[in-house]
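Engineer: model_5.cif is the file, holding mmCIF, C-alpha atoms:
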data_my_file
#
loop_
_atom_site.label_atom_id
_atom_site.label_comp_id
_atom_site.auth_asym_id
_atom_site.auth_seq_id
_atom_site.Cartn_x
_atom_site.Cartn_y
_atom_site.Cartn_z
CA MET A 1 89.81 61.18 74.57
CA LYS A 2 88.87 64.22 72.53
CA THR A 3 88.53 67.55 74.24
CA ASP A 4 88.46 71.26 73.42
CA VAL A 5 91.68 72.19 75.20
CA ILE A 6 94.67 70.38 76.65
CA VAL A 7 96.32 72.26 79.52
CA LEU A 8 99.85 71.04 80.25
CA GLY A 9 100.91 71.69 83.82
CA ALA A 10 98.77 71.26 86.95
CA GLY A 11 100.33 73.95 89.10
CA ILE A 12 98.27 76.90 90.26
CA VAL A 13 98.52 78.57 86.83
CA GLY A 14 97.50 75.56 84.74
CA THR A 15 94.80 74.49 87.18
CA SER A 16 93.32 78.01 87.19
CA ILE A 17 93.36 78.11 83.39
CA ALA A 18 91.57 74.77 83.13
CA HIS A 19 89.04 75.86 85.74
CA ASN A 20 88.24 79.11 83.95
CA LEU A 21 87.85 77.31 80.63
CA ALA A 22 85.55 74.70 82.17
CA GLU A 23 83.44 77.47 83.70
CA ARG A 24 82.90 78.74 80.17
CA GLY A 25 81.66 75.36 78.97
CA ARG A 26 84.89 74.21 77.31
CA SER A 27 85.88 70.56 77.72
CA VAL A 28 89.36 70.46 79.25
CA ALA A 29 92.05 67.89 80.04
CA LEU A 30 94.56 69.05 82.68
CA VAL A 31 97.69 66.95 82.18
CA ASP A 32 100.71 66.63 84.46
CA ARG A 33 103.19 63.92 85.38
CA ARG A 34 102.30 64.56 89.04
CA GLY A 35 99.18 65.55 90.94
CA PRO A 36 97.89 69.14 91.05
CA GLY A 37 99.97 71.50 93.15
CA GLU A 38 102.81 69.05 93.81
CA GLU A 39 105.66 70.92 92.11
CA THR A 40 106.50 74.65 92.13
CA SER A 41 103.05 75.62 93.45
CA TYR A 42 103.62 73.51 96.56
CA GLY A 43 106.75 75.11 97.96
CA ASN A 44 106.24 78.85 98.43
CA ALA A 45 105.56 81.33 101.20
CA GLY A 46 101.81 81.20 100.63
CA LEU A 47 101.30 84.88 99.81
CA VAL A 48 98.59 86.30 97.60
CA GLU A 49 100.57 89.44 96.97
CA ARG A 50 98.16 92.20 96.07
CA GLY A 51 100.96 94.69 96.74
CA SER A 52 103.92 93.32 94.74
CA ILE A 53 104.23 96.22 92.35
CA PHE A 54 107.96 96.18 93.14
CA PRO A 55 109.77 93.26 91.50
CA VAL A 56 112.49 91.10 92.95
CA ALA A 57 115.03 93.11 91.00
CA PHE A 58 118.67 92.41 90.20
CA PRO A 59 120.96 94.31 92.61
CA ARG A 60 122.22 97.57 91.11
CA SER A 61 124.70 98.72 93.76
CA LEU A 62 128.31 97.59 93.67
CA SER A 63 128.29 96.82 97.39
CA ALA A 64 125.30 94.48 97.01
CA LEU A 65 126.96 92.69 94.10
CA ILE A 66 130.16 92.26 96.10
CA GLU A 67 128.18 90.81 99.01
CA ILE A 68 126.57 88.25 96.72
CA ALA A 69 129.88 87.40 95.05
CA ARG A 70 131.46 86.77 98.46
CA GLY A 71 128.51 84.69 99.65
CA GLN A 72 127.68 87.23 102.36
CA ASN A 73 124.05 87.82 101.37
CA PRO A 74 121.85 84.91 102.52
CA ALA A 75 119.11 85.94 100.08
CA ALA A 76 121.23 84.89 97.06
CA HIS A 77 123.43 81.95 96.11
CA TYR A 78 124.85 80.73 92.82
CA HIS A 79 126.62 77.82 91.18
CA TRP A 80 129.83 78.93 89.47
CA ASP A 81 129.43 76.38 86.69
CA ALA A 82 125.97 77.73 85.80
CA LEU A 83 127.00 81.37 85.44
CA PRO A 84 128.47 81.27 81.90
CA GLY A 85 125.18 80.01 80.49
CA LEU A 86 123.16 82.47 82.57
CA MET A 87 125.21 85.59 81.80
CA PRO A 88 123.14 86.88 78.82
CA TRP A 89 119.92 86.36 80.79
CA MET A 90 121.37 87.98 83.92
CA PHE A 91 122.60 90.99 81.95
CA ALA A 92 119.11 91.48 80.50
CA TYR A 93 117.69 91.07 84.03
CA TRP A 94 120.13 93.71 85.31
CA ARG A 95 119.07 96.13 82.57
CA ALA A 96 115.38 95.55 83.33
CA SER A 97 116.07 96.37 86.98
CA ALA A 98 117.05 99.98 86.21
CA PRO A 99 114.98 102.47 88.27
CA ALA A 100 113.04 103.87 85.28
CA ARG A 101 112.12 100.39 84.09
CA ILE A 102 111.00 99.43 87.59
CA LEU A 103 108.32 102.12 87.26
CA ASP A 104 107.24 100.61 83.94
CA TYR A 105 107.07 97.20 85.62
CA ALA A 106 104.88 98.62 88.39
CA ARG A 107 102.43 100.15 85.91
CA THR A 108 102.19 96.90 83.96
CA MET A 109 101.99 94.44 86.85
CA SER A 110 99.49 96.53 88.78
CA THR A 111 96.90 95.65 86.14
CA LEU A 112 97.19 91.93 86.92
CA LEU A 113 97.71 92.39 90.65
CA ALA A 114 94.47 94.38 90.87
CA PHE A 115 92.63 91.09 90.28
CA SER A 116 94.87 88.78 92.29
CA LEU A 117 92.81 88.71 95.49
CA SER A 118 89.37 88.82 93.93
CA GLU A 119 90.08 85.97 91.51
CA HIS A 120 91.52 83.79 94.29
CA GLU A 121 88.51 84.60 96.47
CA ARG A 122 86.14 83.65 93.65
CA LEU A 123 87.80 80.30 92.97
CA ALA A 124 88.20 79.56 96.68
CA ALA A 125 84.46 80.12 97.22
CA LEU A 126 83.59 77.80 94.33
CA ALA A 127 86.04 75.15 95.53
CA GLY A 128 85.28 75.39 99.26
CA ALA A 129 88.87 76.41 99.96
CA GLN A 130 88.20 79.57 102.00
CA HIS A 131 89.49 77.87 105.17
CA TYR A 132 93.04 78.03 103.78
CA PHE A 133 92.96 81.83 103.43
CA ARG A 134 93.64 84.50 106.03
CA GLU A 135 93.77 88.27 106.07
CA GLY A 136 96.23 90.37 108.04
CA GLY A 137 98.81 91.13 105.37
CA TRP A 138 102.44 90.40 106.05
CA LEU A 139 105.13 91.87 108.23
CA LYS A 140 108.54 93.00 106.96
CA LEU A 141 111.29 93.31 109.53
CA TYR A 142 114.53 95.29 109.28
CA ARG A 143 117.65 94.90 111.39
CA SER A 144 119.32 98.17 110.28
CA GLU A 145 118.63 101.79 109.48
CA ALA A 146 119.84 101.23 105.92
CA GLY A 147 117.26 98.48 105.42
CA ILE A 148 114.26 100.51 106.54
CA ALA A 149 115.50 103.54 104.61
CA GLN A 150 115.31 101.52 101.39
CA GLU A 151 111.81 100.31 102.25
CA ARG A 152 110.58 103.83 102.95
CA LYS A 153 111.40 104.77 99.35
CA GLU A 154 108.65 102.39 98.21
CA PHE A 155 105.86 104.02 100.24
CA PRO A 156 104.95 106.88 97.83
CA LEU A 157 104.54 104.56 94.84
CA ALA A 158 102.58 102.09 96.97
CA GLN A 159 100.20 104.85 97.99
CA GLN A 160 99.86 105.90 94.36
CA TYR A 161 98.48 102.42 93.62
CA GLY A 162 96.17 102.43 96.62
CA LEU A 163 98.25 100.07 98.75
CA THR A 164 98.61 100.23 102.50
CA ALA A 165 102.13 100.08 103.90
CA ARG A 166 102.62 101.40 107.40
CA GLU A 167 105.81 101.65 109.39
CA ILE A 168 105.18 100.46 112.93
CA GLY A 169 107.21 100.49 116.11
CA LEU A 170 108.79 97.53 117.81
CA ASP A 171 106.07 97.36 120.46
CA GLU A 172 103.26 97.26 117.89
CA ALA A 173 105.07 94.62 115.85
CA LEU A 174 105.44 92.44 118.94
CA ALA A 175 101.79 93.02 119.81
CA LEU A 176 100.84 91.70 116.36
CA GLU A 177 103.24 88.74 116.63
CA PRO A 178 104.00 88.26 120.34
CA HIS A 179 106.25 85.23 119.83
CA LEU A 180 108.80 87.15 117.77
CA ARG A 181 112.01 88.07 119.56
CA PRO A 182 113.15 91.72 119.36
CA VAL A 183 116.25 91.11 117.23
CA PHE A 184 114.99 93.67 114.67
CA ARG A 185 114.82 97.45 114.89
CA HIS A 186 112.07 98.40 112.44
CA ALA A 187 108.92 96.86 110.97
CA VAL A 188 106.47 97.59 108.16
CA LEU A 189 102.99 96.13 107.95
CA TRP A 190 101.71 95.64 104.41
CA SER A 191 97.98 95.15 104.96
CA ASP A 192 96.73 94.36 101.43
CA PRO A 193 98.12 90.86 100.83
CA HIS A 194 96.37 87.73 102.01
CA SER A 195 98.11 84.44 102.74
CA VAL A 196 97.26 80.75 102.82
CA SER A 197 98.13 77.87 105.10
CA SER A 198 98.70 75.40 102.23
CA PRO A 199 99.43 76.54 98.67
CA GLY A 200 99.37 72.92 97.52
CA GLY A 201 96.05 72.36 99.28
CA VAL A 202 94.51 75.38 97.56
CA THR A 203 95.67 74.16 94.15
CA GLN A 204 94.29 70.69 94.84
CA ALA A 205 90.95 72.14 95.90
CA TYR A 206 90.70 74.12 92.66
CA ALA A 207 91.52 70.94 90.71
CA GLU A 208 88.81 68.99 92.54
CA ASN A 209 86.26 71.64 91.62
CA LEU A 210 87.49 71.48 88.03
CA LYS A 211 86.44 67.83 88.05
CA ALA A 212 83.02 68.82 89.38
CA LEU A 213 82.71 71.13 86.37
CA GLY A 214 83.42 68.21 84.04
CA GLY A 215 87.13 68.76 83.51
CA GLN A 216 89.54 65.83 83.32
CA VAL A 217 92.65 65.70 85.52
CA VAL A 218 95.02 63.05 84.18
CA ARG A 219 98.63 61.95 84.58
CA GLY A 220 100.63 62.23 81.41
CA ASP A 221 103.93 63.18 79.80
CA ALA A 222 104.00 66.66 78.30
CA ALA A 223 107.07 65.66 76.29
CA THR A 224 104.78 63.53 74.08
CA LEU A 225 103.02 66.64 72.77
CA THR A 226 102.65 66.21 69.01
CA ARG A 227 101.09 68.24 66.23
CA LEU A 228 98.10 66.30 64.90
CA GLY A 229 96.73 67.90 61.75
CA ALA A 230 95.39 71.27 62.82
CA GLY A 231 95.36 70.25 66.48
CA TRP A 232 97.38 68.59 69.24
CA TRP A 233 97.92 65.16 70.78
CA VAL A 234 99.47 64.06 74.07
CA MET A 235 99.79 60.65 75.73
CA THR A 236 98.41 60.10 79.22
CA GLU A 237 97.91 57.12 81.55
CA GLN A 238 94.34 56.98 80.25
CA GLY A 239 95.48 56.93 76.63
CA PRO A 240 95.96 59.65 74.02
CA VAL A 241 94.18 62.99 74.33
CA GLU A 242 93.40 65.13 71.28
CA ALA A 243 92.38 68.80 71.16
CA PRO A 244 92.46 71.69 68.69
CA GLU A 245 94.17 73.90 71.31
CA VAL A 246 96.88 73.42 73.91
CA VAL A 247 98.04 75.69 76.73
CA ILE A 248 101.62 75.33 77.99
CA ALA A 249 101.62 76.15 81.72
CA LEU A 250 104.64 74.10 82.69
CA GLY A 251 106.64 76.76 84.50
CA PRO A 252 110.32 75.76 84.62
CA TRP A 253 109.81 72.90 82.14
CA ALA A 254 108.14 75.00 79.44
CA ARG A 255 111.26 75.39 77.31
CA ASP A 256 111.63 71.62 77.04
CA ILE A 257 108.25 71.44 75.30
CA LEU A 258 108.38 74.67 73.30
CA GLY A 259 111.87 74.15 71.87
CA PRO A 260 111.04 71.21 69.56
CA PHE A 261 108.33 73.37 67.96
CA GLY A 262 110.82 76.13 67.19
CA VAL A 263 109.58 78.41 69.97
CA LYS A 264 112.54 80.03 71.74
CA VAL A 265 111.95 82.03 74.91
CA PRO A 266 114.53 83.51 77.33
CA LEU A 267 113.19 81.60 80.33
CA ALA A 268 115.50 80.84 83.24
CA VAL A 269 114.84 79.55 86.74
CA LYS A 270 115.43 80.93 90.21
CA ARG A 271 115.74 77.97 92.50
CA GLY A 272 114.51 78.17 96.08
CA TYR A 273 114.21 75.98 99.17
CA HIS A 274 111.93 75.55 102.11
CA MET A 275 111.85 73.59 105.32
CA GLN A 276 108.95 73.14 107.72
CA TYR A 277 109.41 73.25 111.51
CA ARG A 278 107.50 72.43 114.61
CA THR A 279 107.36 75.19 117.22
CA GLU A 280 108.51 75.36 120.79
CA GLY A 281 105.74 75.47 123.38
CA ASN A 282 102.65 77.35 122.25
CA ALA A 283 104.51 79.69 119.88
CA GLY A 284 102.71 80.69 116.72
CA LEU A 285 102.43 83.23 113.90
CA SER A 286 99.30 84.78 112.44
CA ARG A 287 100.82 86.02 109.16
CA PRO A 288 103.98 85.64 107.01
CA VAL A 289 107.04 87.49 108.31
CA LEU A 290 109.91 88.59 106.08
CA ASP A 291 113.33 89.16 107.61
CA GLU A 292 114.51 91.40 104.78
CA GLU A 293 118.20 91.45 105.63
CA GLY A 294 118.12 87.86 106.81
CA GLY A 295 116.94 86.75 103.36
CA TYR A 296 114.05 84.48 104.34
CA VAL A 297 110.31 84.36 105.08
CA ILE A 298 108.61 82.37 107.84
CA THR A 299 104.95 81.52 107.32
CA PRO A 300 102.39 79.61 109.41
CA MET A 301 101.34 76.55 107.42
CA VAL A 302 99.33 73.42 107.97
CA GLY A 303 101.69 71.28 110.04
CA GLY A 304 104.07 73.97 111.27
CA ILE A 305 106.12 77.01 110.33
CA ARG A 306 107.64 77.10 106.84
CA LEU A 307 110.96 78.84 106.23
CA THR A 308 111.34 79.87 102.58
CA THR A 309 114.69 80.98 101.18
CA GLY A 310 115.70 83.54 98.57
CA VAL A 311 117.16 82.88 95.13
CA GLU A 312 119.69 80.33 93.93
CA PHE A 313 121.07 80.73 90.40
CA ALA A 314 121.86 77.24 89.17
CA ARG A 315 120.98 74.81 86.42
CA ARG A 316 117.41 73.66 86.87
CA ASP A 317 118.25 70.00 87.33
CA ALA A 318 121.49 70.36 89.30
CA PRO A 319 121.60 68.54 92.66
CA LYS A 320 120.23 70.38 95.68
CA THR A 321 122.60 72.73 97.49
CA PRO A 322 120.53 74.14 100.39
CA VAL A 323 123.28 76.55 101.46
CA GLN A 324 120.79 79.36 102.04
CA LEU A 325 118.70 77.21 104.35
CA GLU A 326 121.74 76.44 106.49
CA LYS A 327 122.54 80.18 106.64
CA THR A 328 119.04 81.40 107.39
CA GLU A 329 117.85 78.77 109.85
CA PRO A 330 120.01 80.15 112.72
CA LEU A 331 118.75 83.66 111.94
CA ALA A 332 115.16 82.45 111.97
CA ARG A 333 115.68 80.62 115.26
CA GLY A 334 116.95 83.87 116.73
CA LEU A 335 113.77 85.63 115.60
CA PHE A 336 111.18 82.95 116.40
CA PRO A 337 111.19 79.81 118.60
CA LEU A 338 111.37 77.20 115.85
CA GLY A 339 111.40 73.63 117.06
CA GLU A 340 112.80 70.61 115.27
CA ARG A 341 112.56 70.12 111.54
CA ALA A 342 109.29 68.50 110.48
CA GLU A 343 110.50 67.26 107.09
CA ALA A 344 113.15 64.70 106.28
CA GLU A 345 114.97 66.90 103.76
CA PRO A 346 114.69 70.40 102.30
CA TRP A 347 112.17 70.93 99.53
CA MET A 348 113.52 72.58 96.39
CA GLY A 349 111.63 74.21 93.55
CA CYS A 350 112.29 76.43 90.54
CA ARG A 351 110.68 79.80 89.93
CA PRO A 352 110.41 80.34 86.15
CA ALA A 353 111.49 83.85 85.20
CA PHE A 354 111.97 86.06 82.17
CA PRO A 355 114.63 88.78 82.36
CA ASP A 356 112.03 91.57 82.16
CA MET A 357 110.29 89.97 85.19
CA LEU A 358 106.92 89.83 83.40
CA PRO A 359 105.09 86.59 82.59
CA ALA A 360 104.30 85.49 79.05
CA ILE A 361 100.55 85.05 78.61
CA GLY A 362 98.99 84.56 75.20
CA PRO A 363 99.11 82.73 71.86
CA ILE A 364 102.21 81.55 70.01
CA PRO A 365 101.75 83.08 66.55
CA THR A 366 103.91 80.51 64.77
CA GLN A 367 101.99 77.54 66.16
CA LYS A 368 98.25 77.57 65.51
CA GLY A 369 96.28 76.63 68.60
CA MET A 370 99.24 76.88 71.02
CA TRP A 371 99.06 79.20 74.03
CA VAL A 372 101.48 79.85 76.89
CA ALA A 373 101.16 81.07 80.48
CA ILE A 374 104.65 80.92 81.94
CA GLY A 375 107.37 82.94 83.67
CA HIS A 376 105.51 84.35 86.68
CA GLN A 377 108.76 84.52 88.68
CA HIS A 378 107.97 84.99 92.40
CA LEU A 379 104.25 85.61 91.78
CA GLY A 380 102.99 82.33 90.36
CA PHE A 381 100.72 81.50 93.27
CA THR A 382 99.48 85.09 93.46
CA LEU A 383 98.71 85.41 89.75
CA GLY A 384 97.49 81.91 88.91
CA PRO A 385 93.74 82.67 89.03
CA VAL A 386 93.86 86.00 87.19
CA THR A 387 96.11 84.41 84.57
CA GLY A 388 93.50 81.67 84.19
CA ARG A 389 90.79 84.23 83.67
CA LEU A 390 92.84 86.25 81.16
CA ILE A 391 93.78 83.21 79.05
CA ALA A 392 90.19 81.94 79.05
CA GLU A 393 88.91 85.35 77.97
CA MET A 394 91.48 85.56 75.18
CA MET A 395 90.75 82.04 73.96
CA GLY A 396 87.04 82.82 73.90
CA SER A 397 87.51 86.18 72.15
CA GLU A 398 85.87 87.91 75.12
CA PRO A 399 86.68 91.38 76.43
CA THR A 400 89.66 90.92 78.72
CA CYS A 401 89.97 92.06 82.32
CA VAL A 402 93.54 93.20 81.61
CA ASP A 403 95.27 94.48 78.50
CA PRO A 404 97.24 91.37 77.47
CA ALA A 405 99.64 93.21 75.13
CA PRO A 406 102.50 93.78 77.64
CA PHE A 407 102.50 90.07 78.48
CA SER A 408 102.52 88.80 74.92
CA PRO A 409 105.12 86.11 74.17
CA GLU A 410 105.69 87.92 70.86
CA ARG A 411 107.82 90.47 72.77
CA PHE A 412 110.67 87.97 72.59
#
Mind turning the file's structure into structure tokens?

Structural biologist:
Amino acid sequence: MKTDVIVLGAGIVGTSIAHNLAERGRSVALVDRRGPGEETSYGNAGLVERGSIFPVAFPRSLSALIEIARGQNPAAHYHWDALPGLMPWMFAYWRASAPARILDYARTMSTLLAFSLSEHERLAALAGAQHYFREGGWLKLYRSEAGIAQERKEFPLAQQYGLTAREIGLDEALALEPHLRPVFRHAVLWSDPHSVSSPGGVTQAYAENLKALGGQVVRGDAATLTRLGAGWWVMTEQGPVEAPEVVIALGPWARDILGPFGVKVPLAVKRGYHMQYRTEGNAGLSRPVLDEEGGYVITPMVGGIRLTTGVEFARRDAPKTPVQLEKTEPLARGLFPLGERAEAEPWMGCRPAFPDMLPAIGPIPTQKGMWVAIGHQHLGFTLGPVTGRLIAEMMGSEPTCVDPAPFSPERF
């Protein structure tokens, strides 16, 4: 098979890239060892986070660091044996989390986030996936005065970027979500984000529409990627595929493919877990709910309520250690009437992250015809479609919707 572009990785980012290229008349092969949306893009809280101008930053206060070190913060967990290898990355992450640099992050990420909803809406309309989407924002809950005080500090910057965050009373929060139990003291409604009832289903729908546009979706091994003259070659179940250009959108596995070509990037992973639950009686949610100090999100999904955990620092391929799930499940049951578990075992995935918390989107200058779209951290599902548009515009030498310079892989 000969095609214009090979896209490696059929998560939301790779699928969106392939879709945008196919819309522009490029022939595309989307290659993954699994089906679309079956890896990292499957297991998330389902948010399309228009308002995430604040990153998931490294803790700066000594008390927060001590809590994490003692295992007292359910939002974070770590493997001791992974820390020596992660220390340089974590130090760079800590530096990037300084208050002044957080403002730089907000300015940069707001350019991409401005298109996050509209690009999802456009692809969803084309793919007939609107039924997965819902408005209503998401609700953040706080159990202490200290927690809400920290959140209030974000309101002025949110308003500066045209975002709607409103502190609401306990009664109004319970009116919005009547099946919550009043174990919290404060609530904030962020109205701008949308959410979906199946991130994997959305990704699969986009991939099906890619086929309708003439794109190929094939199973294959990205590790077989080989330079072939001025182009690229990869083996799939349908035989070899050749193209003059390749896009690496493999998330946590990107380094495995880039390394043999001499491309070194400081990409690490933040592991996370989820479990899906049935509900007791007629209980339900209408939007995602974050228990900030509890360190988890509960989201209504197809088939039940999904509990998504915070961050685990560990080697990517280390065995599962769902410690955070065991800590947060009792907290979540106290907040909402979760029923029995609806899955046999916890799902685990890896969020690919650079220490500056920005993705890398653009060409690899040392490898002609190679592009990357990786490192979206906690915003992969949110930013998949706008990343697809940006890459397609860059590859076609079109005017770009966003200045790509801050996201260039050359910054490393």

Engineer: Taking only residues of range 28-110 of chain A that have an atom at most 9 Å from an atom of range 210-230 of chain A, what is each one's shortest atom pair and its distance in Å to one decimal, using all atoms listed in the file, in chain and number order, as CSV?

Structural biologist:
residue,atom,partner,partner_atom,distance
A:Val28,CA,A:Gly215,CA,5.1
A:Ala29,CA,A:Gln216,CA,4.6
A:Leu30,CA,A:Val217,CA,4.8
A:Val31,CA,A:Val218,CA,5.1
A:Asp32,CA,A:Arg219,CA,5.1
A:Arg33,CA,A:Gly220,CA,5.0
A:Arg34,CA,A:Arg219,CA,6.3
A:Gly35,CA,A:Arg219,CA,7.3
A:Pro36,CA,A:Val217,CA,8.4

Engineer: Just C-alpha atoms for this one: save the residues we selected as a compact mmCIF listing (two decimals), keeping the file's coordinate frame.

Structural biologist:
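So selection_32.txt came out as:
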# COMPACT_ATOMS: atom_id res chain seq x y z
CA VAL A 28 89.36 70.46 79.25
CA ALA A 29 92.05 67.89 80.04
CA LEU A 30 94.56 69.05 82.68
CA VAL A 31 97.69 66.95 82.18
CA ASP A 32 100.71 66.63 84.46
CA ARG A 33 103.19 63.92 85.38
CA ARG A 34 102.30 64.56 89.04
CA GLY A 35 99.18 65.55 90.94
CA PRO A 36 97.89 69.14 91.05

Engineer: So what does the PyMOL selection byres ((chain A and resi 267-275) around 9) actually pick up in this one, as an mmCIF file with C-alpha atoms, in the frame of the given file?

Structural biologist:
data_model
loop_
_atom_site.group_PDB
_atom_site.id
_atom_site.type_symbol
_atom_site.label_atom_id
_atom_site.label_comp_id
_atom_site.auth_asym_id
_atom_site.auth_seq_id
_atom_site.Cartn_x
_atom_site.Cartn_y
_atom_site.Cartn_z
ATOM 1 C CA GLY A 43 106.750 75.110 97.960
ATOM 2 C CA ASN A 44 106.240 78.850 98.430
ATOM 3 C CA ALA A 45 105.560 81.330 101.200
ATOM 4 C CA LEU A 86 123.160 82.470 82.570
ATOM 5 C CA TRP A 89 119.920 86.360 80.790
ATOM 6 C CA GLY A 251 106.640 76.760 84.500
ATOM 7 C CA PRO A 252 110.320 75.760 84.620
ATOM 8 C CA ALA A 254 108.140 75.000 79.440
ATOM 9 C CA ARG A 255 111.260 75.390 77.310
ATOM 10 C CA LYS A 264 112.540 80.030 71.740
ATOM 11 C CA VAL A 265 111.950 82.030 74.910
ATOM 12 C CA PRO A 266 114.530 83.510 77.330
ATOM 13 C CA GLN A 276 108.950 73.140 107.720
ATOM 14 C CA TYR A 277 109.410 73.250 111.510
ATOM 15 C CA ILE A 305 106.120 77.010 110.330
ATOM 16 C CA ARG A 306 107.640 77.100 106.840
ATOM 17 C CA LEU A 307 110.960 78.840 106.230
ATOM 18 C CA THR A 308 111.340 79.870 102.580
ATOM 19 C CA THR A 309 114.690 80.980 101.180
ATOM 20 C CA GLY A 310 115.700 83.540 98.570
ATOM 21 C CA VAL A 311 117.160 82.880 95.130
ATOM 22 C CA GLU A 312 119.690 80.330 93.930
ATOM 23 C CA PHE A 313 121.070 80.730 90.400
ATOM 24 C CA ALA A 314 121.860 77.240 89.170
ATOM 25 C CA ARG A 315 120.980 74.810 86.420
ATOM 26 C CA ARG A 316 117.410 73.660 86.870
ATOM 27 C CA LYS A 320 120.230 70.380 95.680
ATOM 28 C CA PRO A 322 120.530 74.140 100.390
ATOM 29 C CA GLN A 324 120.790 79.360 102.040
ATOM 30 C CA LEU A 325 118.700 77.210 104.350
ATOM 31 C CA ARG A 341 112.560 70.120 111.540
ATOM 32 C CA ALA A 342 109.290 68.500 110.480
ATOM 33 C CA GLU A 343 110.500 67.260 107.090
ATOM 34 C CA GLU A 345 114.970 66.900 103.760
ATOM 35 C CA PRO A 346 114.690 70.400 102.300
ATOM 36 C CA TRP A 347 112.170 70.930 99.530
ATOM 37 C CA MET A 348 113.520 72.580 96.390
ATOM 38 C CA GLY A 349 111.630 74.210 93.550
ATOM 39 C CA CYS A 350 112.290 76.430 90.540
ATOM 40 C CA ARG A 351 110.680 79.800 89.930
ATOM 41 C CA PRO A 352 110.410 80.340 86.150
ATOM 42 C CA ALA A 353 111.490 83.850 85.200
ATOM 43 C CA PHE A 354 111.970 86.060 82.170
ATOM 44 C CA PRO A 355 114.630 88.780 82.360
ATOM 45 C CA ILE A 374 104.650 80.920 81.940
ATOM 46 C CA GLY A 375 107.370 82.940 83.670
ATOM 47 C CA GLN A 377 108.760 84.520 88.680
ATOM 48 C CA HIS A 378 107.970 84.990 92.400
#

Engineer: Could you give me, as a PyMOL selection string, the residues within 9 Å of range 117-120 of chain A, counting all atoms listed in the file and dropping anything in the same chain fewer than 2 positions from it?

Structural biologist: chain A and resi 48-50+113-115+122-125+193-194+382-386+389

Engineer: Store the residues of this selection in a file with C-alpha atoms, as a PDB file, in the frame of the given file.

Structural biologist:
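File produced: result14.pdb:
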ATOM      1  CA  VAL A  48      98.590  86.300  97.600  1.00  0.00           C
ATOM      2  CA  GLU A  49     100.570  89.440  96.970  1.00  0.00           C
ATOM      3  CA  ARG A  50      98.160  92.200  96.070  1.00  0.00           C
ATOM      4  CA  LEU A 113      97.710  92.390  90.650  1.00  0.00           C
ATOM      5  CA  ALA A 114      94.470  94.380  90.870  1.00  0.00           C
ATOM      6  CA  PHE A 115      92.630  91.090  90.280  1.00  0.00           C
ATOM      7  CA  ARG A 122      86.140  83.650  93.650  1.00  0.00           C
ATOM      8  CA  LEU A 123      87.800  80.300  92.970  1.00  0.00           C
ATOM      9  CA  ALA A 124      88.200  79.560  96.680  1.00  0.00           C
ATOM     10  CA  ALA A 125      84.460  80.120  97.220  1.00  0.00           C
ATOM     11  CA  PRO A 193      98.120  90.860 100.830  1.00  0.00           C
ATOM     12  CA  HIS A 194      96.370  87.730 102.010  1.00  0.00           C
ATOM     13  CA  THR A 382      99.480  85.090  93.460  1.00  0.00           C
ATOM     14  CA  LEU A 383      98.710  85.410  89.750  1.00  0.00           C
ATOM     15  CA  GLY A 384      97.490  81.910  88.910  1.00  0.00           C
ATOM     16  CA  PRO A 385      93.740  82.670  89.030  1.00  0.00           C
ATOM     17  CA  VAL A 386      93.860  86.000  87.190  1.00  0.00           C
ATOM     18  CA  ARG A 389      90.790  84.230  83.670  1.00  0.00           C
TER      19      ARG A 389
END

Engineer: Extract, using only C-alpha atoms, all DNA, RNA and protein residues at most 10 Å from Arg152 in chain A, discarding same-chain residues fewer than 2 positions from it, and format them as a VMD selection string.

Structural biologist: chain A and resid 147 to 150 154 to 156 165 to 167 188

Engineer: May I ask which of the residues A:Ala10, A:Val297, A:Ala100, A:Val202 is the closest one to Thr328 in chain A, counting all atoms listed in the file?

Structural biologist: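 Ranked by minimum distance to Thr328 in chain A, first place goes to A:Val297.
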
Engineer: For CA of Ala127 in chain A and CA of Ile6 in chain A, determine how far apart the two atoms are, in Å to one decimal place.

Structural biologist: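 Spanning CA of Ala127 in chain A to CA of Ile6 in chain A is a straight-line distance of 21.3 Å.
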
Engineer: Please measure the separation of CA of Gly294 in chain A and CA of Ala332 in chain A, giving the value in Å to one decimal.

Structural biologist: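 Separating CA of Gly294 in chain A from CA of Ala332 in chain A is a distance of 8.0 Å.
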
Engineer: Record the distance separating CA of Phe184 in chain A and CA of Ile168 in chain A, expressed in Å with one decimal.

Structural biologist: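 Going from CA of Phe184 in chain A over to CA of Ile168 in chain A, I get 12.1 Å.
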
Engineer: Extending 5 Å beyond the listed atoms of range 92-109 of chain A on each side, what axis-aligned box results? I want centre and edge lengths in Å to one decimal, as lines of an AutoDock Vina configuration file.

Structural biologist:
center_x = 111.1
center_y = 97.5
center_z = 84.4
size_x = 28.1
size_y = 22.8
size_z = 17.9

Engineer: Which residues are close to Pro240 in chain A, i.e. within 9 Å by only C-alpha atoms, leaving aside same-chain residues fewer than 5 positions away? Reply as a list in words.

Structural biologist: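 Residues meeting the cut-off are Met1, Lys2, Trp233, Val234 and Met235 of chain A.
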
Engineer: List, as a VMD selection string, every residue that the PyMOL selection byres ((chain A and resi 161) around 9) selects in the file provided.

Structural biologist: chain A and resid 51 53 107 110 156 to 160 162 to 163
